[in-house]
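Some notes on the structure that comes next.
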Amino acid sequence: MNKSTEYLIPHSNAAKPDFITSLRSLFYLLTPKESSFKDVTLVPNYTDNALAAFISLVLLELAISTFKGKKVYNLNHSLTNVAAGVCSRLISLIAARSIGISMYFYVHENWRLCDLPWDSTSTWVVGFIGMDFLYYWFHRAAHEINILWAAHQTHHSSEDYNFSTALRQSAFQWIGSMFFYLPNAFLVPPSVHLVHLEINILFQFWIHTQMIDTIGPLEYILNTASHHRVHHGRNPYCIDKNYAGTLIIWDRMFGTFAKERKDEQIAYGLVHNLDTFNPFVVQCLSYWHLFLRFLSIEGLWNKFCVLLKGPGWEPGKPRLGDPADIPQIEGPIVVYSNPTPKMLSVYTMVQYFAFTPIYDQLISLRWNIMGSVVVFDIIFILATLTCLGMLFDARKYAYHTEMCRCLLMCAILIASDGFLGAQHQFSKSIETFLLCLYSSSAILWTLVLMLKPNQTKEKLN
């Protein structure tokens, strides 16, 4: 493998971090020595290997909130958060990370200003500061430039605020962000940059919680749960504030800092919420609205402004829109939800867990599974998440669509005659479980539709 090819496959020769290392990575508690690597193939995939740490902290937060009698988790919102996160990781299978790191490597190889040693603590610190500084400006741009906001709004669309909200990531944000990080390439080696690119995002997991109030003097330096709650609020004072990744000093320096107000309850989500649990809609609806605005507005200059100015901009208004247009929050705060029968909630949870083996093996064996099987897996996972979102939204024909999905998966498992199982390195017991689950699910929905024909006449939300 030549040098340029190696750099196109990040993490390909890396050791898997253990649970404690993964947990420490969520708090940036990795030493320069243990997180410096000669090239990007040796950089651990901290994000994909942090699943156990994510789940542990979610369960801990759930236990604490239950003990305190504060409801911060809603099943439909939480599963939609996970679904959006899965969508964002699936895009990485289409070489999203490799495109970004390839551009970075090209700039570093041809235009670097000096050679910084990859195993130096000073280089690690320069990489950390550079990454965090550039993240601030990308994050700010993602709120102030409409075409970038169309991707970033996915993360802000959750009306809950808990650890699962951190998982609600855009599948398309990388397209814009990778250009903002290129200035680092003039100094920082690609492997050092990749480490900080991963850890900077992972650090932001723990700040998505209502269970942590403040952390004392560190509030002046670090981005914290209190600061980030403001960032996720749709209260007028919260809009376009606290863009920090790890260090809040950038917001304090550039005038975008706002302190959390203890006398005003924060309402989370978008100024105009999406009101859906369909992850496909969560990822793409803003692009559709942007496209319609682009077509409908008159004048070439105004069309450019729709794309490049803020989401609230209109002709005759400031670049970021008129703050007076932001609606005041009036209590009680109502979170979007549709009444979901308990048995349907149980069913959706089972179906979410059922695609987990396929997703896990797809991520871990991405370089060994046939391309056609990778495509099938992606389509199957996206179809699963969309169908389950339709069930939560109580959409018309949601039951029919779910029945068809289960029938089709059952037929494919039978027709593949063990091929899919072999590609994913499944044991026979897992194959049998999946076949039984999807066949029984298809029968279940057939019976439901036969016994409750009126279900098909439900109105569209």
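Residues are named by chain letter and number: chains run A, B, ... in the order of the structure tokens, numbers start at 1 in each chain, and ligands are numbered from 1 in the order shown.
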Could you list, with a cut-off of 12 Å and counting only C-alpha atoms, the residues of region 198-219 of chain A near region 166-185 of chain A, each shown with its nearest atom pair and the distance in Å rounded to one decimal, rows sorted by chain and ascending number, as CSV?
residue,atom,partner,partner_atom,distance
A:Ile201,CA,A:Ala166,CA,9.4
A:Leu202,CA,A:Ala166,CA,9.0
A:Phe203,CA,A:Ala166,CA,10.2
A:Gln204,CA,A:Ala166,CA,7.3
A:Phe205,CA,A:Ala166,CA,5.3
A:Trp206,CA,A:Ala166,CA,8.1
A:Ile207,CA,A:Ala166,CA,8.4
A:His208,CA,A:Ala166,CA,6.0
A:Thr209,CA,A:Ala166,CA,9.2
### Message
Neighbouring residues of Lys68 (chain A) were defined as those with any atom within 12 Å, considering only C-alpha atoms; residues of the same chain fewer than 5 positions away were excluded. Please report them as an MDAnalysis selection string.
### Response
chainID A and resid 61:63 210:211
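Closest approach to Val107 (chain A) among A:Pro32, A:Pro190, A:Pro236, A:Pro279 is made by A:Pro190 (distances from only C-alpha atoms).
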Distance table requested - region 54-143 of chain A against region 390-400 of chain A, cut-off 10 Å, only C-alpha atoms: one row per qualifying residue with the closest atom pair and its distance in Å to one decimal, ordered by chain and rising residue number, as a Markdown table.
| residue | atom | partner | partner_atom | distance |
| --- | --- | --- | --- | --- |
| A:Leu75 | CA | A:Phe392 | CA | 9.7 |
| A:Asn76 | CA | A:Phe392 | CA | 6.5 |
| A:His77 | CA | A:Phe392 | CA | 9.4 |
| A:Leu79 | CA | A:Phe392 | CA | 9.9 |
| A:Thr80 | CA | A:Phe392 | CA | 9.5 |
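The neighbours of Gly321 (chain A) here are the residues that come within 10 Å of it, using only C-alpha atoms and leaving out any residue fewer than 3 positions away in the same chain; they are Glu144, Lys309, Gly310, Pro311, Gly312, Trp313, Glu314, Pro315, Gly316, Lys317, Pro318, Ala324, Asp325 and Ile326 of chain A.
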### Message
Please determine, counting only C-alpha atoms, which residue among A:Thr340, A:Thr154, A:Asn200, A:Ser226 has the shortest atom-to-atom distance to Leu270 (chain A).
### Response
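Looking only at the distances to Leu270 (chain A), the closest residue turns out to be A:Thr154.
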### Message
Counting only C-alpha atoms, which residue out of A:Asp322, A:His11, A:Leu194, A:Leu59 sits closest to Thr41 (chain A)?
### Response
A:His11
### Query
In region 25-185 of chain A, what's alpha helix (DSSP H) per DSSP? Answer as a count of residues only?
94
### Query
In terms of the shortest atom-to-atom distance over only C-alpha atoms, which of A:Ser158, A:Gly216, A:Lys259, A:Cys305 is closest to Arg234 (chain A)?
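Looking at the shortest contact to Arg234 (chain A), the residue is A:Ser158.
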